[in-house]
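Reproduced below: data12.pdb, with PDB, N, CA and C atoms.
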ATOM      1  N   MET A   1     -68.624 -56.770 -26.559
ATOM      2  CA  MET A   1     -69.138 -56.947 -25.212
ATOM      3  C   MET A   1     -70.155 -55.845 -24.947
ATOM      4  N   PRO A   2     -71.356 -56.170 -24.457
ATOM      5  CA  PRO A   2     -72.347 -55.137 -24.151
ATOM      6  C   PRO A   2     -71.871 -54.256 -23.002
ATOM      7  N   SER A   3     -72.337 -53.015 -23.001
ATOM      8  CA  SER A   3     -71.965 -52.094 -21.934
ATOM      9  C   SER A   3     -72.573 -52.565 -20.615
ATOM     10  N   PRO A   4     -71.785 -52.553 -19.548
ATOM     11  CA  PRO A   4     -72.324 -52.928 -18.246
ATOM     12  C   PRO A   4     -73.271 -51.838 -17.743
ATOM     13  N   SER A   5     -74.263 -52.213 -16.948
ATOM     14  CA  SER A   5     -75.209 -51.222 -16.457
ATOM     15  C   SER A   5     -74.833 -50.680 -15.082
ATOM     16  N   THR A   6     -73.949 -51.371 -14.368
ATOM     17  CA  THR A   6     -73.485 -50.868 -13.075
ATOM     18  C   THR A   6     -71.965 -50.987 -13.003
ATOM     19  N   PHE A   7     -71.375 -50.156 -12.156
ATOM     20  CA  PHE A   7     -69.934 -50.246 -11.962
ATOM     21  C   PHE A   7     -69.557 -51.626 -11.420
ATOM     22  N   GLN A   8     -70.389 -52.172 -10.543
ATOM     23  CA  GLN A   8     -70.087 -53.483  -9.970
ATOM     24  C   GLN A   8     -70.023 -54.561 -11.055
ATOM     25  N   GLN A   9     -70.902 -54.485 -12.058
ATOM     26  CA  GLN A   9     -70.848 -55.431 -13.178
ATOM     27  C   GLN A   9     -69.567 -55.240 -13.979
ATOM     28  N   PHE A  10     -69.233 -53.986 -14.261
ATOM     29  CA  PHE A  10     -67.996 -53.686 -15.001
ATOM     30  C   PHE A  10     -66.788 -54.227 -14.239
ATOM     31  N   GLN A  11     -66.748 -53.951 -12.951
ATOM     32  CA  GLN A  11     -65.627 -54.391 -12.128
ATOM     33  C   GLN A  11     -65.526 -55.919 -12.100
ATOM     34  N   ALA A  12     -66.646 -56.593 -11.878
ATOM     35  CA  ALA A  12     -66.638 -58.058 -11.815
ATOM     36  C   ALA A  12     -66.174 -58.669 -13.128
ATOM     37  N   GLN A  13     -66.678 -58.157 -14.251
ATOM     38  CA  GLN A  13     -66.275 -58.691 -15.548
ATOM     39  C   GLN A  13     -64.801 -58.423 -15.817
ATOM     40  N   SER A  14     -64.343 -57.225 -15.475
ATOM     41  CA  SER A  14     -62.937 -56.874 -15.693
ATOM     42  C   SER A  14     -62.012 -57.761 -14.881
ATOM     43  N   LEU A  15     -62.338 -57.975 -13.617
ATOM     44  CA  LEU A  15     -61.510 -58.848 -12.779
ATOM     45  C   LEU A  15     -61.536 -60.277 -13.307
ATOM     46  N   ALA A  16     -62.694 -60.740 -13.757
ATOM     47  CA  ALA A  16     -62.799 -62.087 -14.338
ATOM     48  C   ALA A  16     -61.964 -62.214 -15.607
ATOM     49  N   ASP A  17     -61.802 -61.103 -16.327
ATOM     50  CA  ASP A  17     -61.016 -61.097 -17.563
ATOM     51  C   ASP A  17     -59.525 -60.880 -17.315
ATOM     52  N   GLY A  18     -59.109 -60.822 -16.046
ATOM     53  CA  GLY A  18     -57.690 -60.735 -15.726
ATOM     54  C   GLY A  18     -57.154 -59.347 -15.449
ATOM     55  N   TYR A  19     -58.018 -58.356 -15.372
ATOM     56  CA  TYR A  19     -57.556 -57.017 -15.015
ATOM     57  C   TYR A  19     -57.343 -56.957 -13.509
ATOM     58  N   ASP A  20     -56.452 -56.058 -13.073
ATOM     59  CA  ASP A  20     -56.076 -55.974 -11.664
ATOM     60  C   ASP A  20     -57.002 -55.094 -10.834
ATOM     61  N   VAL A  21     -57.526 -54.042 -11.444
ATOM     62  CA  VAL A  21     -58.317 -53.060 -10.710
ATOM     63  C   VAL A  21     -59.257 -52.352 -11.672
ATOM     64  N   ALA A  22     -60.384 -51.888 -11.158
ATOM     65  CA  ALA A  22     -61.314 -51.074 -11.941
ATOM     66  C   ALA A  22     -61.643 -49.834 -11.115
ATOM     67  N   VAL A  23     -61.658 -48.674 -11.775
ATOM     68  CA  VAL A  23     -61.941 -47.411 -11.095
ATOM     69  C   VAL A  23     -62.822 -46.537 -11.984
ATOM     70  N   GLU A  24     -63.415 -45.518 -11.369
ATOM     71  CA  GLU A  24     -64.152 -44.521 -12.132
ATOM     72  C   GLU A  24     -63.270 -43.291 -12.269
ATOM     73  N   ARG A  25     -63.163 -42.774 -13.498
ATOM     74  CA  ARG A  25     -62.392 -41.549 -13.753
ATOM     75  C   ARG A  25     -63.354 -40.462 -14.194
ATOM     76  N   VAL A  26     -63.159 -39.253 -13.673
ATOM     77  CA  VAL A  26     -63.970 -38.097 -14.045
ATOM     78  C   VAL A  26     -63.030 -37.014 -14.559
ATOM     79  N   TRP A  27     -63.306 -36.537 -15.777
ATOM     80  CA  TRP A  27     -62.476 -35.514 -16.413
ATOM     81  C   TRP A  27     -63.260 -34.217 -16.540
ATOM     82  N   ALA A  28     -62.605 -33.108 -16.262
ATOM     83  CA  ALA A  28     -63.217 -31.781 -16.358
ATOM     84  C   ALA A  28     -63.486 -31.420 -17.817
ATOM     85  N   PRO A  29     -64.437 -30.523 -18.053
ATOM     86  CA  PRO A  29     -64.735 -30.083 -19.421
ATOM     87  C   PRO A  29     -63.498 -29.554 -20.135
ATOM     88  N   ASP A  30     -63.420 -29.906 -21.409
ATOM     89  CA  ASP A  30     -62.392 -29.395 -22.318
ATOM     90  C   ASP A  30     -60.956 -29.714 -21.908
ATOM     91  N   THR A  31     -60.761 -30.732 -21.108
ATOM     92  CA  THR A  31     -59.409 -31.149 -20.723
ATOM     93  C   THR A  31     -58.704 -31.761 -21.925
ATOM     94  N   VAL A  32     -57.437 -31.403 -22.094
ATOM     95  CA  VAL A  32     -56.590 -31.989 -23.141
ATOM     96  C   VAL A  32     -55.396 -32.638 -22.447
ATOM     97  N   VAL A  33     -55.157 -33.904 -22.768
ATOM     98  CA  VAL A  33     -54.019 -34.636 -22.218
ATOM     99  C   VAL A  33     -53.101 -34.961 -23.382
ATOM    100  N   ASP A  34     -51.909 -34.326 -23.379
ATOM    101  CA  ASP A  34     -50.957 -34.543 -24.463
ATOM    102  C   ASP A  34     -50.503 -35.998 -24.522
ATOM    103  N   GLU A  35     -49.825 -36.341 -25.607
ATOM    104  CA  GLU A  35     -49.407 -37.719 -25.819
ATOM    105  C   GLU A  35     -48.606 -38.255 -24.630
ATOM    106  N   HIS A  36     -48.953 -39.473 -24.236
ATOM    107  CA  HIS A  36     -48.327 -40.138 -23.097
ATOM    108  C   HIS A  36     -48.552 -41.640 -23.230
ATOM    109  N   THR A  37     -47.996 -42.402 -22.306
ATOM    110  CA  THR A  37     -48.213 -43.849 -22.261
ATOM    111  C   THR A  37     -48.550 -44.250 -20.826
ATOM    112  N   HIS A  38     -49.016 -45.485 -20.677
ATOM    113  CA  HIS A  38     -49.279 -46.062 -19.361
ATOM    114  C   HIS A  38     -48.575 -47.412 -19.278
ATOM    115  N   PRO A  39     -48.143 -47.814 -18.078
ATOM    116  CA  PRO A  39     -47.507 -49.123 -17.925
ATOM    117  C   PRO A  39     -48.528 -50.238 -17.700
ATOM    118  N   PHE A  40     -49.764 -50.046 -18.157
ATOM    119  CA  PHE A  40     -50.813 -51.045 -17.961
ATOM    120  C   PHE A  40     -51.737 -51.076 -19.171
ATOM    121  N   ASP A  41     -52.335 -52.252 -19.408
ATOM    122  CA  ASP A  41     -53.401 -52.382 -20.400
ATOM    123  C   ASP A  41     -54.643 -51.707 -19.838
ATOM    124  N   THR A  42     -55.467 -51.167 -20.729
ATOM    125  CA  THR A  42     -56.660 -50.433 -20.310
ATOM    126  C   THR A  42     -57.882 -50.925 -21.061
ATOM    127  N   ARG A  43     -58.990 -51.035 -20.334
ATOM    128  CA  ARG A  43     -60.313 -51.251 -20.926
ATOM    129  C   ARG A  43     -61.214 -50.206 -20.289
ATOM    130  N   ALA A  44     -61.940 -49.435 -21.105
ATOM    131  CA  ALA A  44     -62.783 -48.373 -20.549
ATOM    132  C   ALA A  44     -64.138 -48.334 -21.232
ATOM    133  N   THR A  45     -65.141 -47.870 -20.485
ATOM    134  CA  THR A  45     -66.491 -47.630 -20.996
ATOM    135  C   THR A  45     -66.913 -46.235 -20.553
ATOM    136  N   VAL A  46     -67.313 -45.392 -21.510
ATOM    137  CA  VAL A  46     -67.734 -44.027 -21.216
ATOM    138  C   VAL A  46     -69.164 -44.055 -20.682
ATOM    139  N   MET A  47     -69.365 -43.409 -19.534
ATOM    140  CA  MET A  47     -70.670 -43.382 -18.890
ATOM    141  C   MET A  47     -71.354 -42.023 -18.998
ATOM    142  N   ALA A  48     -70.583 -40.959 -19.213
ATOM    143  CA  ALA A  48     -71.134 -39.611 -19.373
ATOM    144  C   ALA A  48     -70.132 -38.785 -20.172
ATOM    145  N   GLY A  49     -70.649 -37.852 -20.973
ATOM    146  CA  GLY A  49     -69.765 -36.983 -21.744
ATOM    147  C   GLY A  49     -69.193 -37.677 -22.964
ATOM    148  N   GLU A  50     -68.027 -37.203 -23.375
ATOM    149  CA  GLU A  50     -67.384 -37.740 -24.579
ATOM    150  C   GLU A  50     -65.900 -37.423 -24.563
ATOM    151  N   LEU A  51     -65.161 -38.183 -25.370
ATOM    152  CA  LEU A  51     -63.742 -37.925 -25.525
ATOM    153  C   LEU A  51     -63.303 -38.300 -26.921
ATOM    154  N   TRP A  52     -62.153 -37.757 -27.290
ATOM    155  CA  TRP A  52     -61.493 -38.111 -28.537
ATOM    156  C   TRP A  52     -60.153 -38.709 -28.150
ATOM    157  N   LEU A  53     -59.917 -39.930 -28.600
ATOM    158  CA  LEU A  53     -58.698 -40.673 -28.296
ATOM    159  C   LEU A  53     -57.893 -40.776 -29.589
ATOM    160  N   THR A  54     -56.635 -40.321 -29.539
ATOM    161  CA  THR A  54     -55.772 -40.368 -30.718
ATOM    162  C   THR A  54     -54.640 -41.358 -30.480
ATOM    163  N   VAL A  55     -54.534 -42.335 -31.387
ATOM    164  CA  VAL A  55     -53.504 -43.365 -31.338
ATOM    165  C   VAL A  55     -52.933 -43.493 -32.741
ATOM    166  N   ALA A  56     -51.624 -43.411 -32.866
ATOM    167  CA  ALA A  56     -50.938 -43.571 -34.162
ATOM    168  C   ALA A  56     -51.525 -42.651 -35.238
ATOM    169  N   GLY A  57     -51.837 -41.412 -34.849
ATOM    170  CA  GLY A  57     -52.339 -40.433 -35.808
ATOM    171  C   GLY A  57     -53.813 -40.585 -36.163
ATOM    172  N   GLN A  58     -54.493 -41.577 -35.598
ATOM    173  CA  GLN A  58     -55.912 -41.808 -35.868
ATOM    174  C   GLN A  58     -56.730 -41.393 -34.644
ATOM    175  N   THR A  59     -57.712 -40.514 -34.869
ATOM    176  CA  THR A  59     -58.543 -40.038 -33.769
ATOM    177  C   THR A  59     -59.910 -40.701 -33.818
ATOM    178  N   ARG A  60     -60.355 -41.151 -32.667
ATOM    179  CA  ARG A  60     -61.656 -41.815 -32.539
ATOM    180  C   ARG A  60     -62.502 -41.054 -31.527
ATOM    181  N   HIS A  61     -63.732 -40.732 -31.902
ATOM    182  CA  HIS A  61     -64.682 -40.104 -30.985
ATOM    183  C   HIS A  61     -65.390 -41.214 -30.223
ATOM    184  N   ILE A  62     -65.450 -41.077 -28.887
ATOM    185  CA  ILE A  62     -66.044 -42.101 -28.043
ATOM    186  C   ILE A  62     -67.083 -41.440 -27.146
ATOM    187  N   GLY A  63     -68.331 -41.879 -27.272
ATOM    188  CA  GLY A  63     -69.432 -41.306 -26.508
ATOM    189  C   GLY A  63     -70.000 -42.279 -25.499
ATOM    190  N   VAL A  64     -71.082 -41.875 -24.872
ATOM    191  CA  VAL A  64     -71.727 -42.664 -23.825
ATOM    192  C   VAL A  64     -72.084 -44.059 -24.336
ATOM    193  N   GLY A  65     -71.729 -45.059 -23.542
ATOM    194  CA  GLY A  65     -72.020 -46.444 -23.879
ATOM    195  C   GLY A  65     -70.972 -47.099 -24.754
ATOM    196  N   GLU A  66     -70.026 -46.316 -25.244
ATOM    197  CA  GLU A  66     -68.952 -46.861 -26.074
ATOM    198  C   GLU A  66     -67.708 -47.063 -25.214
ATOM    199  N   GLY A  67     -66.828 -47.888 -25.701
ATOM    200  CA  GLY A  67     -65.623 -48.169 -24.944
ATOM    201  C   GLY A  67     -64.415 -48.305 -25.828
ATOM    202  N   PHE A  68     -63.292 -48.549 -25.192
ATOM    203  CA  PHE A  68     -62.053 -48.769 -25.922
ATOM    204  C   PHE A  68     -61.113 -49.620 -25.084
ATOM    205  N   ASP A  69     -60.217 -50.292 -25.790
ATOM    206  CA  ASP A  69     -59.124 -51.032 -25.179
ATOM    207  C   ASP A  69     -57.838 -50.402 -25.670
ATOM    208  N   LEU A  70     -56.852 -50.318 -24.793
ATOM    209  CA  LEU A  70     -55.560 -49.745 -25.165
ATOM    210  C   LEU A  70     -54.470 -50.555 -24.483
ATOM    211  N   ALA A  71     -53.534 -51.053 -25.262
ATOM    212  CA  ALA A  71     -52.441 -51.853 -24.711
ATOM    213  C   ALA A  71     -51.448 -50.959 -23.967
ATOM    214  N   ALA A  72     -50.747 -51.554 -23.026
ATOM    215  CA  ALA A  72     -49.715 -50.838 -22.276
ATOM    216  C   ALA A  72     -48.657 -50.283 -23.220
ATOM    217  N   HIS A  73     -48.097 -49.159 -22.852
ATOM    218  CA  HIS A  73     -46.962 -48.531 -23.527
ATOM    219  C   HIS A  73     -47.292 -47.971 -24.914
ATOM    220  N   VAL A  74     -48.563 -47.882 -25.285
ATOM    221  CA  VAL A  74     -48.961 -47.321 -26.584
ATOM    222  C   VAL A  74     -49.131 -45.809 -26.421
ATOM    223  N   PRO A  75     -48.369 -45.010 -27.175
ATOM    224  CA  PRO A  75     -48.534 -43.553 -27.097
ATOM    225  C   PRO A  75     -49.930 -43.144 -27.567
ATOM    226  N   HIS A  76     -50.545 -42.242 -26.810
ATOM    227  CA  HIS A  76     -51.883 -41.763 -27.148
ATOM    228  C   HIS A  76     -52.110 -40.406 -26.505
ATOM    229  N   SER A  77     -53.101 -39.677 -27.029
ATOM    230  CA  SER A  77     -53.528 -38.422 -26.416
ATOM    231  C   SER A  77     -55.037 -38.448 -26.274
ATOM    232  N   GLU A  78     -55.546 -37.569 -25.424
ATOM    233  CA  GLU A  78     -56.976 -37.546 -25.107
ATOM    234  C   GLU A  78     -57.471 -36.102 -25.106
ATOM    235  N   ARG A  79     -58.707 -35.919 -25.571
ATOM    236  CA  ARG A  79     -59.365 -34.613 -25.488
ATOM    237  C   ARG A  79     -60.795 -34.865 -25.052
ATOM    238  N   TYR A  80     -61.228 -34.132 -24.038
ATOM    239  CA  TYR A  80     -62.555 -34.318 -23.469
ATOM    240  C   TYR A  80     -63.483 -33.197 -23.904
ATOM    241  N   GLY A  81     -64.769 -33.496 -24.047
ATOM    242  CA  GLY A  81     -65.744 -32.563 -24.570
ATOM    243  C   GLY A  81     -66.158 -31.479 -23.585
ATOM    244  N   PRO A  82     -67.100 -30.628 -24.000
ATOM    245  CA  PRO A  82     -67.518 -29.493 -23.180
ATOM    246  C   PRO A  82     -68.239 -29.888 -21.890
ATOM    247  N   GLN A  83     -68.707 -31.121 -21.790
ATOM    248  CA  GLN A  83     -69.297 -31.607 -20.543
ATOM    249  C   GLN A  83     -68.305 -32.457 -19.747
ATOM    250  N   GLY A  84     -67.070 -32.557 -20.227
ATOM    251  CA  GLY A  84     -66.109 -33.449 -19.595
ATOM    252  C   GLY A  84     -66.477 -34.886 -19.905
ATOM    253  N   ALA A  85     -66.039 -35.794 -19.083
ATOM    254  CA  ALA A  85     -66.378 -37.204 -19.293
ATOM    255  C   ALA A  85     -66.195 -37.972 -18.000
ATOM    256  N   THR A  86     -67.015 -38.985 -17.863
ATOM    257  CA  THR A  86     -66.865 -39.961 -16.788
ATOM    258  C   THR A  86     -66.782 -41.318 -17.452
ATOM    259  N   TYR A  87     -65.763 -42.082 -17.080
ATOM    260  CA  TYR A  87     -65.708 -43.447 -17.605
ATOM    261  C   TYR A  87     -65.190 -44.399 -16.553
ATOM    262  N   TRP A  88     -65.593 -45.656 -16.733
ATOM    263  CA  TRP A  88     -65.101 -46.741 -15.906
ATOM    264  C   TRP A  88     -63.921 -47.345 -16.631
ATOM    265  N   VAL A  89     -62.829 -47.559 -15.909
ATOM    266  CA  VAL A  89     -61.624 -48.077 -16.548
ATOM    267  C   VAL A  89     -61.028 -49.208 -15.710
ATOM    268  N   ALA A  90     -60.642 -50.262 -16.407
ATOM    269  CA  ALA A  90     -59.953 -51.394 -15.786
ATOM    270  C   ALA A  90     -58.506 -51.340 -16.242
ATOM    271  N   ARG A  91     -57.624 -51.702 -15.330
ATOM    272  CA  ARG A  91     -56.179 -51.683 -15.627
ATOM    273  C   ARG A  91     -55.563 -53.029 -15.294
ATOM    274  N   ARG A  92     -54.703 -53.478 -16.216
ATOM    275  CA  ARG A  92     -53.954 -54.724 -16.004
ATOM    276  C   ARG A  92     -52.487 -54.372 -16.107
ATOM    277  N   ASN A  93     -51.758 -54.501 -14.980
ATOM    278  CA  ASN A  93     -50.348 -54.169 -14.979
ATOM    279  C   ASN A  93     -49.573 -55.116 -15.870
ATOM    280  N   VAL A  94     -48.587 -54.539 -16.568
ATOM    281  CA  VAL A  94     -47.763 -55.294 -17.501
ATOM    282  C   VAL A  94     -46.303 -55.086 -17.105
ATOM    283  N   PRO A  95     -45.521 -56.145 -16.974
ATOM    284  CA  PRO A  95     -44.107 -55.972 -16.635
ATOM    285  C   PRO A  95     -43.387 -55.136 -17.692
ATOM    286  N   ALA A  96     -42.431 -54.350 -17.245
ATOM    287  CA  ALA A  96     -41.679 -53.477 -18.174
ATOM    288  C   ALA A  96     -40.817 -54.279 -19.109
TER     289      ALA A  96
END

Please lay out the structure from this file as structure tokens.
Amino acid sequence: MPSPSTFQQFQAQSLADGYDVAVERVWAPDTVVDEHTHPFDTRATVMAGELWLTVAGQTRHIGVGEGFDLAAHVPHSERYGPQGATYWVARRNVPA
């Protein structure tokens, strides 16, 4: 899927694809988030900065214009670069 050029496009496409909500997240420089899970599916597109996402021992570098999908309840950790990161993220709640 091509990167959306506006948040409104990202939000509209995400809602059309069955996600419940779309928000913008801003992370401070050099933030590290230890392994955790979420009770929702995630789709995100990085708009500024960069992050490293680690899932099942595999780390992926994600920069501007790139995105990722992450299923609910999947353990993962995050590390943000020296400029921090801003990304648009859609969430789809999943029953426990």

Starting from the displayed file, determine the output of the PyMOL selection byres ((chain A and resi 31-38) around 5) and express the residue list as a PyMOL selection string.
chain A and resi 28-30+39-40+72-80

Same residues, N, CA and C atoms, saved as an mmCIF file, in the frame of the given file:
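In the end it all went to selection_12.cif:
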data_model
loop_
_atom_site.group_PDB
_atom_site.id
_atom_site.type_symbol
_atom_site.label_atom_id
_atom_site.label_comp_id
_atom_site.auth_asym_id
_atom_site.auth_seq_id
_atom_site.Cartn_x
_atom_site.Cartn_y
_atom_site.Cartn_z
ATOM 1 N N ALA A 28 -62.605 -33.108 -16.262
ATOM 2 C CA ALA A 28 -63.217 -31.781 -16.358
ATOM 3 C C ALA A 28 -63.486 -31.420 -17.817
ATOM 4 N N PRO A 29 -64.437 -30.523 -18.053
ATOM 5 C CA PRO A 29 -64.735 -30.083 -19.421
ATOM 6 C C PRO A 29 -63.498 -29.554 -20.135
ATOM 7 N N ASP A 30 -63.420 -29.906 -21.409
ATOM 8 C CA ASP A 30 -62.392 -29.395 -22.318
ATOM 9 C C ASP A 30 -60.956 -29.714 -21.908
ATOM 10 N N PRO A 39 -48.143 -47.814 -18.078
ATOM 11 C CA PRO A 39 -47.507 -49.123 -17.925
ATOM 12 C C PRO A 39 -48.528 -50.238 -17.700
ATOM 13 N N PHE A 40 -49.764 -50.046 -18.157
ATOM 14 C CA PHE A 40 -50.813 -51.045 -17.961
ATOM 15 C C PHE A 40 -51.737 -51.076 -19.171
ATOM 16 N N ALA A 72 -50.747 -51.554 -23.026
ATOM 17 C CA ALA A 72 -49.715 -50.838 -22.276
ATOM 18 C C ALA A 72 -48.657 -50.283 -23.220
ATOM 19 N N HIS A 73 -48.097 -49.159 -22.852
ATOM 20 C CA HIS A 73 -46.962 -48.531 -23.527
ATOM 21 C C HIS A 73 -47.292 -47.971 -24.914
ATOM 22 N N VAL A 74 -48.563 -47.882 -25.285
ATOM 23 C CA VAL A 74 -48.961 -47.321 -26.584
ATOM 24 C C VAL A 74 -49.131 -45.809 -26.421
ATOM 25 N N PRO A 75 -48.369 -45.010 -27.175
ATOM 26 C CA PRO A 75 -48.534 -43.553 -27.097
ATOM 27 C C PRO A 75 -49.930 -43.144 -27.567
ATOM 28 N N HIS A 76 -50.545 -42.242 -26.810
ATOM 29 C CA HIS A 76 -51.883 -41.763 -27.148
ATOM 30 C C HIS A 76 -52.110 -40.406 -26.505
ATOM 31 N N SER A 77 -53.101 -39.677 -27.029
ATOM 32 C CA SER A 77 -53.528 -38.422 -26.416
ATOM 33 C C SER A 77 -55.037 -38.448 -26.274
ATOM 34 N N GLU A 78 -55.546 -37.569 -25.424
ATOM 35 C CA GLU A 78 -56.976 -37.546 -25.107
ATOM 36 C C GLU A 78 -57.471 -36.102 -25.106
ATOM 37 N N ARG A 79 -58.707 -35.919 -25.571
ATOM 38 C CA ARG A 79 -59.365 -34.613 -25.488
ATOM 39 C C ARG A 79 -60.795 -34.865 -25.052
ATOM 40 N N TYR A 80 -61.228 -34.132 -24.038
ATOM 41 C CA TYR A 80 -62.555 -34.318 -23.469
ATOM 42 C C TYR A 80 -63.483 -33.197 -23.904
#

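Closest to A:Met47 among A:His61, A:Ala16, A:Arg91, A:Glu66 is A:Glu66, based on only N, CA and C atoms.
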
If you run DSSP on the backbone here, which positions in chain A get strand (DSSP E or B)? Please write them as JSON, numbers by chain.
{"A": [21, 22, 23, 24, 25, 26, 27, 32, 33, 34, 35, 36, 40, 41, 42, 43, 44, 45, 46, 47, 48, 49, 50, 51, 52, 53, 54, 55, 58, 59, 60, 61, 62, 67, 68, 69, 70, 76, 77, 78, 79, 80, 81, 82, 83, 84, 85, 86, 87, 88, 89, 90, 91, 92, 93]}

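Picked by the PyMOL selection byres (((chain A and resi 4 and name CA) around 12) and name CA) from the coordinates shown: Met1, Pro2, Ser3, Ser5, Thr6, Phe7, Gln8, Gln9, Phe10, Gln11, Ala12, Gln13, Ser14, Ala44, Thr45, Val46, Met47, Val64, Gly65, Glu66, Gly67, Tyr87, Trp88 and Val89 of chain A.
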
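Between A:Glu50 and the residues A:Phe68, A:Ala22, A:Ala85, A:Ala90, the shortest atom-to-atom distance, using all atoms listed in the file, involves A:Ala85.
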
Build an axis-aligned box that encloses every atom of stretch 44-59 of chain A listed in the file, pad it by 8 Å on each side, and report its centre and edge lengths in Å to one decimal, as JSON.
{"center_x": -61.1, "center_y": -43.2, "center_z": -27.5, "size_x": 36.4, "size_y": 28.5, "size_z": 33.3}

DSSP on the backbone: which residues in chain A end up as helix (DSSP H, G or I)? Give the answer as an NGL selection string.
:A and (7-16)

Please save N, CA and C atoms of the selected residues as a CSV table (one decimal), keeping the file's coordinate frame.
chain,number,residue,atom,x,y,z
A,7,PHE,N,-71.4,-50.2,-12.2
A,7,PHE,CA,-69.9,-50.2,-12.0
A,7,PHE,C,-69.6,-51.6,-11.4
A,8,GLN,N,-70.4,-52.2,-10.5
A,8,GLN,CA,-70.1,-53.5,-10.0
A,8,GLN,C,-70.0,-54.6,-11.1
A,9,GLN,N,-70.9,-54.5,-12.1
A,9,GLN,CA,-70.8,-55.4,-13.2
A,9,GLN,C,-69.6,-55.2,-14.0
A,10,PHE,N,-69.2,-54.0,-14.3
A,10,PHE,CA,-68.0,-53.7,-15.0
A,10,PHE,C,-66.8,-54.2,-14.2
A,11,GLN,N,-66.7,-54.0,-13.0
A,11,GLN,CA,-65.6,-54.4,-12.1
A,11,GLN,C,-65.5,-55.9,-12.1
A,12,ALA,N,-66.6,-56.6,-11.9
A,12,ALA,CA,-66.6,-58.1,-11.8
A,12,ALA,C,-66.2,-58.7,-13.1
A,13,GLN,N,-66.7,-58.2,-14.3
A,13,GLN,CA,-66.3,-58.7,-15.5
A,13,GLN,C,-64.8,-58.4,-15.8
A,14,SER,N,-64.3,-57.2,-15.5
A,14,SER,CA,-62.9,-56.9,-15.7
A,14,SER,C,-62.0,-57.8,-14.9
A,15,LEU,N,-62.3,-58.0,-13.6
A,15,LEU,CA,-61.5,-58.8,-12.8
A,15,LEU,C,-61.5,-60.3,-13.3
A,16,ALA,N,-62.7,-60.7,-13.8
A,16,ALA,CA,-62.8,-62.1,-14.3
A,16,ALA,C,-62.0,-62.2,-15.6

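Close to (-62.1, -41.0, -14.8), meaning no more than 6 Å away when counting only C-alpha atoms, sit the residues A:Glu24, A:Arg25, A:Val26, A:Trp27, A:Thr86, A:Tyr87.
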
Grab the residues selected above and save them as a short mmCIF file (atom, residue, chain, number, x, y, z; two decimals), keeping the file's coordinate frame with N, CA and C atoms.
data_model
loop_
_atom_site.label_atom_id
_atom_site.label_comp_id
_atom_site.auth_asym_id
_atom_site.auth_seq_id
_atom_site.Cartn_x
_atom_site.Cartn_y
_atom_site.Cartn_z
N GLU A 24 -63.42 -45.52 -11.37
CA GLU A 24 -64.15 -44.52 -12.13
C GLU A 24 -63.27 -43.29 -12.27
N ARG A 25 -63.16 -42.77 -13.50
CA ARG A 25 -62.39 -41.55 -13.75
C ARG A 25 -63.35 -40.46 -14.19
N VAL A 26 -63.16 -39.25 -13.67
CA VAL A 26 -63.97 -38.10 -14.04
C VAL A 26 -63.03 -37.01 -14.56
N TRP A 27 -63.31 -36.54 -15.78
CA TRP A 27 -62.48 -35.51 -16.41
C TRP A 27 -63.26 -34.22 -16.54
N THR A 86 -67.02 -38.98 -17.86
CA THR A 86 -66.86 -39.96 -16.79
C THR A 86 -66.78 -41.32 -17.45
N TYR A 87 -65.76 -42.08 -17.08
CA TYR A 87 -65.71 -43.45 -17.60
C TYR A 87 -65.19 -44.40 -16.55
#

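A search radius of 9 Å centred on (-50.0, -53.3, -12.7), applied to only C-alpha atoms, returns the residues Tyr19, Asp20, Val21, Pro39, Phe40, Asp41, Arg91, Arg92, Asn93, Val94 and Pro95 of chain A.
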
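Counting from atom CA of A:Val55, the distance to atom CA of A:Asp69 is 11.3 Å.
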
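Between A:Leu70 and the residues A:Val23, A:Thr42, A:Gln58, A:Asp17, the shortest atom-to-atom distance, using all atoms listed in the file, involves A:Thr42.
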